[in-house]
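Chemist: Below you will find the structure I want to go over with you.
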Amino acid sequence: MTTVLVIGATGKQGRAVTELLLRRGHDVLALTRDTGSPAARALADLGARPVAGSPADAEALSKAVTGVDAVFGLSLPFGPGGKEQEVAQGRLLVDTAAQAGAHLVYSSLRGADRIVDSQVAHAGSKQQIEAYLREKDELRATVLGPVYFMENMLNVRFNGLAGGRLAMPLSPGKKLDQVTVLDIAGLAVHAIENPEDLAGKRIDLASDSVTGTQAAAALSAVLGKEIPYHQMPIEQVRQWAGDEVAAMFQRFEENTHFVDRMALRAAYPEVSWHSFEQWARTVDWERLLQV
C-alpha cells in the first residue's frame, strides 16, 4: 500500500485519481479547500482522508506531504491570478514534493515540454512549470501530457447538446485528440505503483482521436437519437469564452501532429483505455440533459 497526496482531489482529474487509488487499496490524503463539502465527504465515505488546503497554500502543502510516498498534482489555469498564479502554484508543488522526497506525478499538457504559445496562456504556464521541474535533479517525477478532455463535452449548453445537436468550432472532418480523466487516472496510478519504471518519464496521452461528425455519431448511438454536427463560428467561441479558448481551438484546427495512440496503448496495457463512445457510455446523460 502506498500513501498518496492528491492535490485538487474534488476536481475532475483529482477525483478520478483518488477513486482509482482507493479501489486499488492505497492510502489517500485528499487535499481540498473545503473538507466539509459534499464532494469531500463523498471521498471520505470511500476511504480517503480529506485535508484542508489549496495548491497555493505552502504551509498546508508542507504539512500534508509529510510522510507520503507520492503526490499527484496539477496547477489550475483560468484562476483570478492568471498565468502568474498558475506558475507559482506549479513551482510550489514541485518544491514541496522535492523537499519531501516524494514521487511527483504531475498532470501538465501535451507538448508543454517543447511549445510556448503566447496566445494560449495555460500552455505557456505549463511550459514554465515543466522547465522548473526539470531543474530539480533531486526530484523523482513523472509528467503526463493530456490532450483535450472528453469531459468538456459535459458542458451541454456551450456545445449545443442541451438543444439536441453537437456544436464545436472545428471542421466536421477535423480530428481532435481527446482524453478522459479515467485514462489520466489509469496512467497516473500506474506511475504511482511503478515509480522505478515511470519516474523520469514524460508521456503525452490521448484516449481517442475523433472528428466532430464521428463524435456526433457516437453520441447518437449512446443517446438513441440523431445528434447532428454543427460547426460553430470561431467568433462565437471568442464571444462566449474569450480569446484564449478561441486561440486554442484554432490550434486544434491547424494541428497535423497527433498522439500515437497505438504505441501508447502497447506501452501501457495496464490502463483501461477508452474510446470516445466507451467514455460516453459512462455518462449519465439522462440526468445531465434532463430528458
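By order in the C-alpha cells, chains are A, B, ...; within a chain, residues start at 1; ligands start at 1, following the order shown.
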Which residues are close to A:Gly111, i.e. within 10 Å by only C-alpha atoms, leaving aside same-chain residues fewer than 6 positions away? Reply as a list in words.

Modeler: Ala123, Lys126, Gln127, Gly145, Pro146, Val147, Ile203 and Asp204 of chain A

Chemist: What would the file look like if the residues just selected were written as a PDB file, in the first residue's frame with N, CA and C atoms?

Modeler:
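Output (result-v1.pdb):
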ATOM      1  N   ALA A 123      -1.060  27.059 -21.819  1.00  0.00           N
ATOM      2  CA  ALA A 123       0.008  26.248 -22.412  1.00  0.00           C
ATOM      3  C   ALA A 123       1.366  26.807 -22.008  1.00  0.00           C
ATOM      4  N   LYS A 126       2.189  25.979 -18.304  1.00  0.00           N
ATOM      5  CA  LYS A 126       2.635  24.599 -18.107  1.00  0.00           C
ATOM      6  C   LYS A 126       4.078  24.434 -18.573  1.00  0.00           C
ATOM      7  N   GLN A 127       4.449  25.126 -19.662  1.00  0.00           N
ATOM      8  CA  GLN A 127       5.816  25.039 -20.159  1.00  0.00           C
ATOM      9  C   GLN A 127       6.796  25.578 -19.124  1.00  0.00           C
ATOM     10  N   GLY A 145       1.091  14.413 -20.153  1.00  0.00           N
ATOM     11  CA  GLY A 145       0.687  15.496 -21.047  1.00  0.00           C
ATOM     12  C   GLY A 145      -0.639  15.193 -21.714  1.00  0.00           C
ATOM     13  N   PRO A 146      -1.760  15.381 -21.008  1.00  0.00           N
ATOM     14  CA  PRO A 146      -3.064  15.098 -21.615  1.00  0.00           C
ATOM     15  C   PRO A 146      -3.435  16.102 -22.687  1.00  0.00           C
ATOM     16  N   VAL A 147      -4.279  15.646 -23.618  1.00  0.00           N
ATOM     17  CA  VAL A 147      -4.813  16.495 -24.681  1.00  0.00           C
ATOM     18  C   VAL A 147      -6.172  17.046 -24.228  1.00  0.00           C
ATOM     19  N   ILE A 203       5.026  11.628 -20.621  1.00  0.00           N
ATOM     20  CA  ILE A 203       4.169  10.866 -21.515  1.00  0.00           C
ATOM     21  C   ILE A 203       2.993  11.722 -21.967  1.00  0.00           C
ATOM     22  N   ASP A 204       2.920  12.010 -23.269  1.00  0.00           N
ATOM     23  CA  ASP A 204       1.721  12.631 -23.826  1.00  0.00           C
ATOM     24  C   ASP A 204       0.660  11.556 -23.980  1.00  0.00           C
TER      25      ASP A 204
END

Chemist: Residues of stretch 22-174 of chain A classed as alpha helix (DSSP H) by DSSP on the backbone are to be reported as a ChimeraX atom specification.

Modeler: /A:22-23,38-46,58-65,82-100,121-134

Chemist: Find the residue from A:Ser272, A:Ile184, A:Phe258, A:Leu74 that sits nearest to A:Glu151; use only C-alpha atoms when measuring.

Modeler: A:Ile184

Chemist: Between atom CA of A:Ala141 and atom CA of A:His190, measure the distance and give it in Å to one decimal.

Modeler: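 Value for the atom CA of A:Ala141-atom CA of A:His190 distance: 13.2 Å.
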
Chemist: How many Å lie between atom CA of A:Gly67 and atom CA of A:Ala131, rounded to one decimal?

Modeler: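 That distance, rounded to one decimal, is 26.5 Å.
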
Chemist: Neighbours of A:Thr180 within 10 Å (only C-alpha atoms; same-chain residues fewer than 4 positions away dropped), as an MDAnalysis selection string?

Modeler: chainID A and resid 12:13 16 146:152 184:186 205:208 273:276 279:280

Chemist: Take the residues that were just selected and, keeping N, CA, C and O atoms, output them as a PDB file, in the first residue's frame.

Modeler:
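Written output follows (out.pdb):
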ATOM      1  N   LYS A  12     -12.086  17.212 -11.398  1.00  0.00           N
ATOM      2  CA  LYS A  12     -12.302  16.070 -12.292  1.00  0.00           C
ATOM      3  C   LYS A  12     -11.127  15.094 -12.274  1.00  0.00           C
ATOM      4  O   LYS A  12     -11.303  13.882 -12.097  1.00  0.00           O
ATOM      5  N   GLN A  13      -9.907  15.602 -12.485  1.00  0.00           N
ATOM      6  CA  GLN A  13      -8.745  14.710 -12.510  1.00  0.00           C
ATOM      7  C   GLN A  13      -8.463  14.134 -11.126  1.00  0.00           C
ATOM      8  O   GLN A  13      -8.241  12.931 -10.976  1.00  0.00           O
ATOM      9  N   ALA A  16     -10.913  11.418 -10.043  1.00  0.00           N
ATOM     10  CA  ALA A  16     -10.717  10.153 -10.754  1.00  0.00           C
ATOM     11  C   ALA A  16      -9.495   9.417 -10.219  1.00  0.00           C
ATOM     12  O   ALA A  16      -9.520   8.185 -10.038  1.00  0.00           O
ATOM     13  N   PRO A 146      -1.760  15.381 -21.008  1.00  0.00           N
ATOM     14  CA  PRO A 146      -3.064  15.098 -21.615  1.00  0.00           C
ATOM     15  C   PRO A 146      -3.435  16.102 -22.687  1.00  0.00           C
ATOM     16  O   PRO A 146      -2.983  17.253 -22.690  1.00  0.00           O
ATOM     17  N   VAL A 147      -4.279  15.646 -23.618  1.00  0.00           N
ATOM     18  CA  VAL A 147      -4.813  16.495 -24.681  1.00  0.00           C
ATOM     19  C   VAL A 147      -6.172  17.046 -24.228  1.00  0.00           C
ATOM     20  O   VAL A 147      -6.459  17.138 -23.039  1.00  0.00           O
ATOM     21  N   TYR A 148      -7.007  17.405 -25.169  1.00  0.00           N
ATOM     22  CA  TYR A 148      -8.340  17.961 -24.891  1.00  0.00           C
ATOM     23  C   TYR A 148      -9.189  16.930 -24.148  1.00  0.00           C
ATOM     24  O   TYR A 148      -9.250  15.761 -24.525  1.00  0.00           O
ATOM     25  N   PHE A 149      -9.879  17.364 -23.101  1.00  0.00           N
ATOM     26  CA  PHE A 149     -10.641  16.436 -22.262  1.00  0.00           C
ATOM     27  C   PHE A 149     -11.994  16.073 -22.880  1.00  0.00           C
ATOM     28  O   PHE A 149     -12.759  16.962 -23.296  1.00  0.00           O
ATOM     29  N   MET A 150     -12.304  14.782 -22.890  1.00  0.00           N
ATOM     30  CA  MET A 150     -13.642  14.360 -23.277  1.00  0.00           C
ATOM     31  C   MET A 150     -14.689  14.968 -22.348  1.00  0.00           C
ATOM     32  O   MET A 150     -15.813  15.272 -22.777  1.00  0.00           O
ATOM     33  N   GLU A 151     -14.317  15.153 -21.097  1.00  0.00           N
ATOM     34  CA  GLU A 151     -15.261  15.689 -20.114  1.00  0.00           C
ATOM     35  C   GLU A 151     -15.724  17.105 -20.444  1.00  0.00           C
ATOM     36  O   GLU A 151     -16.749  17.562 -19.908  1.00  0.00           O
ATOM     37  N   ASN A 152     -15.013  17.806 -21.332  1.00  0.00           N
ATOM     38  CA  ASN A 152     -15.507  19.107 -21.782  1.00  0.00           C
ATOM     39  C   ASN A 152     -16.852  18.969 -22.499  1.00  0.00           C
ATOM     40  O   ASN A 152     -17.612  19.930 -22.592  1.00  0.00           O
ATOM     41  N   ILE A 184      -6.391   9.284 -17.692  1.00  0.00           N
ATOM     42  CA  ILE A 184      -5.341  10.018 -16.976  1.00  0.00           C
ATOM     43  C   ILE A 184      -5.123   9.362 -15.620  1.00  0.00           C
ATOM     44  O   ILE A 184      -3.983   9.119 -15.208  1.00  0.00           O
ATOM     45  N   ALA A 185      -6.211   9.052 -14.930  1.00  0.00           N
ATOM     46  CA  ALA A 185      -6.102   8.386 -13.632  1.00  0.00           C
ATOM     47  C   ALA A 185      -5.440   7.019 -13.766  1.00  0.00           C
ATOM     48  O   ALA A 185      -4.599   6.640 -12.940  1.00  0.00           O
ATOM     49  N   GLY A 186      -5.804   6.287 -14.811  1.00  0.00           N
ATOM     50  CA  GLY A 186      -5.217   4.967 -15.002  1.00  0.00           C
ATOM     51  C   GLY A 186      -3.710   5.022 -15.142  1.00  0.00           C
ATOM     52  O   GLY A 186      -2.983   4.232 -14.524  1.00  0.00           O
ATOM     53  N   LEU A 205      -0.582  11.880 -23.623  1.00  0.00           N
ATOM     54  CA  LEU A 205      -1.591  10.825 -23.695  1.00  0.00           C
ATOM     55  C   LEU A 205      -2.906  11.308 -24.283  1.00  0.00           C
ATOM     56  O   LEU A 205      -3.360  12.424 -24.027  1.00  0.00           O
ATOM     57  N   ALA A 206      -3.473  10.416 -25.101  1.00  0.00           N
ATOM     58  CA  ALA A 206      -4.785  10.616 -25.714  1.00  0.00           C
ATOM     59  C   ALA A 206      -5.520   9.283 -25.679  1.00  0.00           C
ATOM     60  O   ALA A 206      -4.912   8.225 -25.876  1.00  0.00           O
ATOM     61  N   SER A 207      -6.803   9.351 -25.425  1.00  0.00           N
ATOM     62  CA  SER A 207      -7.622   8.138 -25.391  1.00  0.00           C
ATOM     63  C   SER A 207      -8.165   7.788 -26.767  1.00  0.00           C
ATOM     64  O   SER A 207      -8.288   6.621 -27.129  1.00  0.00           O
ATOM     65  N   ASP A 208      -8.512   8.808 -27.547  1.00  0.00           N
ATOM     66  CA  ASP A 208      -9.104   8.588 -28.863  1.00  0.00           C
ATOM     67  C   ASP A 208      -8.870   9.841 -29.705  1.00  0.00           C
ATOM     68  O   ASP A 208      -8.485  10.898 -29.187  1.00  0.00           O
ATOM     69  N   TRP A 273      -7.916   1.782 -21.392  1.00  0.00           N
ATOM     70  CA  TRP A 273      -8.132   2.883 -22.324  1.00  0.00           C
ATOM     71  C   TRP A 273      -9.569   2.911 -22.850  1.00  0.00           C
ATOM     72  O   TRP A 273     -10.173   1.875 -23.087  1.00  0.00           O
ATOM     73  N   HIS A 274     -10.104   4.110 -23.048  1.00  0.00           N
ATOM     74  CA  HIS A 274     -11.475   4.295 -23.507  1.00  0.00           C
ATOM     75  C   HIS A 274     -11.505   4.939 -24.897  1.00  0.00           C
ATOM     76  O   HIS A 274     -10.801   5.921 -25.132  1.00  0.00           O
ATOM     77  N   SER A 275     -12.332   4.419 -25.764  1.00  0.00           N
ATOM     78  CA  SER A 275     -12.670   5.150 -26.976  1.00  0.00           C
ATOM     79  C   SER A 275     -13.654   6.259 -26.592  1.00  0.00           C
ATOM     80  O   SER A 275     -14.198   6.278 -25.476  1.00  0.00           O
ATOM     81  N   PHE A 276     -13.924   7.170 -27.518  1.00  0.00           N
ATOM     82  CA  PHE A 276     -14.885   8.237 -27.228  1.00  0.00           C
ATOM     83  C   PHE A 276     -16.255   7.646 -26.894  1.00  0.00           C
ATOM     84  O   PHE A 276     -16.906   8.055 -25.924  1.00  0.00           O
ATOM     85  N   TRP A 279     -16.282   6.029 -23.467  1.00  0.00           N
ATOM     86  CA  TRP A 279     -16.380   7.053 -22.417  1.00  0.00           C
ATOM     87  C   TRP A 279     -17.810   7.575 -22.331  1.00  0.00           C
ATOM     88  O   TRP A 279     -18.363   7.720 -21.226  1.00  0.00           O
ATOM     89  N   ALA A 280     -18.431   7.861 -23.479  1.00  0.00           N
ATOM     90  CA  ALA A 280     -19.775   8.435 -23.485  1.00  0.00           C
ATOM     91  C   ALA A 280     -20.769   7.517 -22.782  1.00  0.00           C
ATOM     92  O   ALA A 280     -21.733   7.990 -22.170  1.00  0.00           O
TER      93      ALA A 280
END

Chemist: Quick one: distance from atom CA of A:Gly200 to atom CA of A:His103 in Å, one decimal?

Modeler: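 Interatomic distance, atom CA of A:Gly200 to atom CA of A:His103: 9.8 Å.
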
Chemist: Fewer than 4 positions away in the same chain doesn't count, so skip those; otherwise give me all residues within 9 Å of stretch 233-238 of chain A, counting only C-alpha atoms, as number ranges by chain.

Modeler: A: 158, 168-170, 242-247, 249-250

Chemist: I'd like the contact shell of A:Leu133 - 12 Å cut-off, only C-alpha atoms, skipping same-chain residues fewer than 3 positions apart - returned as an MDAnalysis selection string.

Modeler: chainID A and resid 87 90:98 104:106 108 112:113 126:130 136:143 200 202

Chemist: DSSP on the backbone: what in stretch 107-268 of chain A comes out strand (DSSP E), as an NGL selection string?

Modeler: :A and (107 or 141-146 or 148-149 or 166-168 or 176-179 or 202-205 or 208-210 or 229-231)

Chemist: Restricting the output to N, CA, C and O atoms, write the selected residues as a compact mmCIF listing (two decimals), in the first residue's frame.

Modeler:
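What landed in out_0.txt:
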# COMPACT_ATOMS: atom_id res chain seq x y z
N SER A 107 0.29 16.37 -13.75
CA SER A 107 -0.54 16.41 -14.95
C SER A 107 -0.40 17.77 -15.59
O SER A 107 -0.82 18.79 -15.03
N ALA A 141 10.07 12.42 -10.67
CA ALA A 141 8.81 12.92 -11.22
C ALA A 141 8.42 12.19 -12.49
O ALA A 141 9.28 11.78 -13.28
N THR A 142 7.13 12.04 -12.67
CA THR A 142 6.54 11.56 -13.92
C THR A 142 5.60 12.66 -14.39
O THR A 142 4.75 13.12 -13.63
N VAL A 143 5.75 13.08 -15.65
CA VAL A 143 4.92 14.14 -16.19
C VAL A 143 3.97 13.56 -17.23
O VAL A 143 4.41 12.87 -18.16
N LEU A 144 2.69 13.83 -17.06
CA LEU A 144 1.68 13.41 -18.02
C LEU A 144 1.23 14.61 -18.84
O LEU A 144 1.03 15.70 -18.29
N GLY A 145 1.09 14.41 -20.15
CA GLY A 145 0.69 15.50 -21.05
C GLY A 145 -0.64 15.19 -21.71
O GLY A 145 -0.66 14.79 -22.88
N PRO A 146 -1.76 15.38 -21.01
CA PRO A 146 -3.06 15.10 -21.62
C PRO A 146 -3.44 16.10 -22.69
O PRO A 146 -2.98 17.25 -22.69
N TYR A 148 -7.01 17.41 -25.17
CA TYR A 148 -8.34 17.96 -24.89
C TYR A 148 -9.19 16.93 -24.15
O TYR A 148 -9.25 15.76 -24.53
N PHE A 149 -9.88 17.36 -23.10
CA PHE A 149 -10.64 16.44 -22.26
C PHE A 149 -11.99 16.07 -22.88
O PHE A 149 -12.76 16.96 -23.30
N LEU A 166 -24.61 18.68 -31.69
CA LEU A 166 -23.25 18.87 -31.20
C LEU A 166 -22.63 20.00 -32.00
O LEU A 166 -22.49 19.92 -33.22
N ALA A 167 -22.24 21.06 -31.33
CA ALA A 167 -21.64 22.22 -31.99
C ALA A 167 -20.24 22.45 -31.43
O ALA A 167 -20.07 22.58 -30.21
N MET A 168 -19.25 22.46 -32.32
CA MET A 168 -17.88 22.77 -31.94
C MET A 168 -17.26 23.64 -33.04
O MET A 168 -17.69 23.58 -34.19
N LEU A 176 -9.74 15.47 -33.64
CA LEU A 176 -9.31 16.10 -32.41
C LEU A 176 -8.89 15.02 -31.42
O LEU A 176 -9.70 14.16 -31.06
N ASP A 177 -7.62 15.04 -31.01
CA ASP A 177 -7.18 14.14 -29.95
C ASP A 177 -7.91 14.48 -28.66
O ASP A 177 -7.98 15.66 -28.27
N GLN A 178 -8.45 13.45 -28.00
CA GLN A 178 -9.17 13.67 -26.75
C GLN A 178 -8.77 12.61 -25.73
O GLN A 178 -8.36 11.50 -26.08
N VAL A 179 -8.89 12.98 -24.46
CA VAL A 179 -8.57 12.06 -23.38
C VAL A 179 -9.64 12.18 -22.31
O VAL A 179 -10.23 13.25 -22.12
N ARG A 202 8.24 11.39 -19.34
CA ARG A 202 7.18 12.32 -19.70
C ARG A 202 6.35 11.67 -20.80
O ARG A 202 6.89 11.20 -21.80
N ILE A 203 5.03 11.63 -20.62
CA ILE A 203 4.17 10.87 -21.52
C ILE A 203 2.99 11.72 -21.97
O ILE A 203 2.16 12.13 -21.15
N ASP A 204 2.92 12.01 -23.27
CA ASP A 204 1.72 12.63 -23.83
C ASP A 204 0.66 11.56 -23.98
O ASP A 204 0.96 10.44 -24.43
N LEU A 205 -0.58 11.88 -23.62
CA LEU A 205 -1.59 10.82 -23.70
C LEU A 205 -2.91 11.31 -24.28
O LEU A 205 -3.36 12.42 -24.03
N ASP A 208 -8.51 8.81 -27.55
CA ASP A 208 -9.10 8.59 -28.86
C ASP A 208 -8.87 9.84 -29.70
O ASP A 208 -8.49 10.90 -29.19
N SER A 209 -9.09 9.72 -30.99
CA SER A 209 -8.99 10.85 -31.91
C SER A 209 -10.20 10.77 -32.83
O SER A 209 -10.31 9.83 -33.62
N VAL A 210 -11.11 11.74 -32.70
CA VAL A 210 -12.36 11.67 -33.46
C VAL A 210 -12.67 13.01 -34.10
O VAL A 210 -12.30 14.07 -33.59
N TYR A 229 -24.10 17.23 -36.35
CA TYR A 229 -22.94 18.06 -36.02
C TYR A 229 -23.07 19.42 -36.69
O TYR A 229 -23.45 19.52 -37.86
N HIS A 230 -22.72 20.47 -35.96
CA HIS A 230 -22.76 21.83 -36.47
C HIS A 230 -21.43 22.51 -36.16
O HIS A 230 -20.94 22.45 -35.02
N GLN A 231 -20.81 23.13 -37.16
CA GLN A 231 -19.58 23.87 -36.92
C GLN A 231 -19.91 25.27 -36.41
O GLN A 231 -20.47 26.10 -37.11

Chemist: Compare A:Pro269, A:Gly101, A:Pro38, A:Gly8 by their minimum atom-to-atom distance to A:Ala56, counting only C-alpha atoms, and give me the closest one.

Modeler: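 Going through A:Pro269, A:Gly101, A:Pro38, A:Gly8 one by one, the smallest distance to A:Ala56 is for A:Gly8.
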
Chemist: Taking 4 positions as the minimum chain separation for residues in the same chain, which residues sit within 6 Å of A:Gly53 when counting only C-alpha atoms? Answer as a list in words.

Modeler: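 Returned residues: Leu31, Thr32, Arg33 and Ala60 of chain A.
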
Chemist: From the set A:Ala267, A:Val181, A:Met232, A:Val71, which residue has the shortest atom-to-atom contact distance to A:Thr282, counting only C-alpha atoms?

Modeler: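 Once distances to A:Thr282 are computed over only C-alpha atoms, the minimum belongs to A:Val181.
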
Chemist: Determine the nearest neighbour of A:Ala217 from the options A:Arg157, A:Glu19, A:Thr10, A:Pro172, counting only C-alpha atoms.

Modeler: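 Checking each of A:Arg157, A:Glu19, A:Thr10, A:Pro172 against A:Ala217, counting only C-alpha atoms, the winner is A:Pro172.
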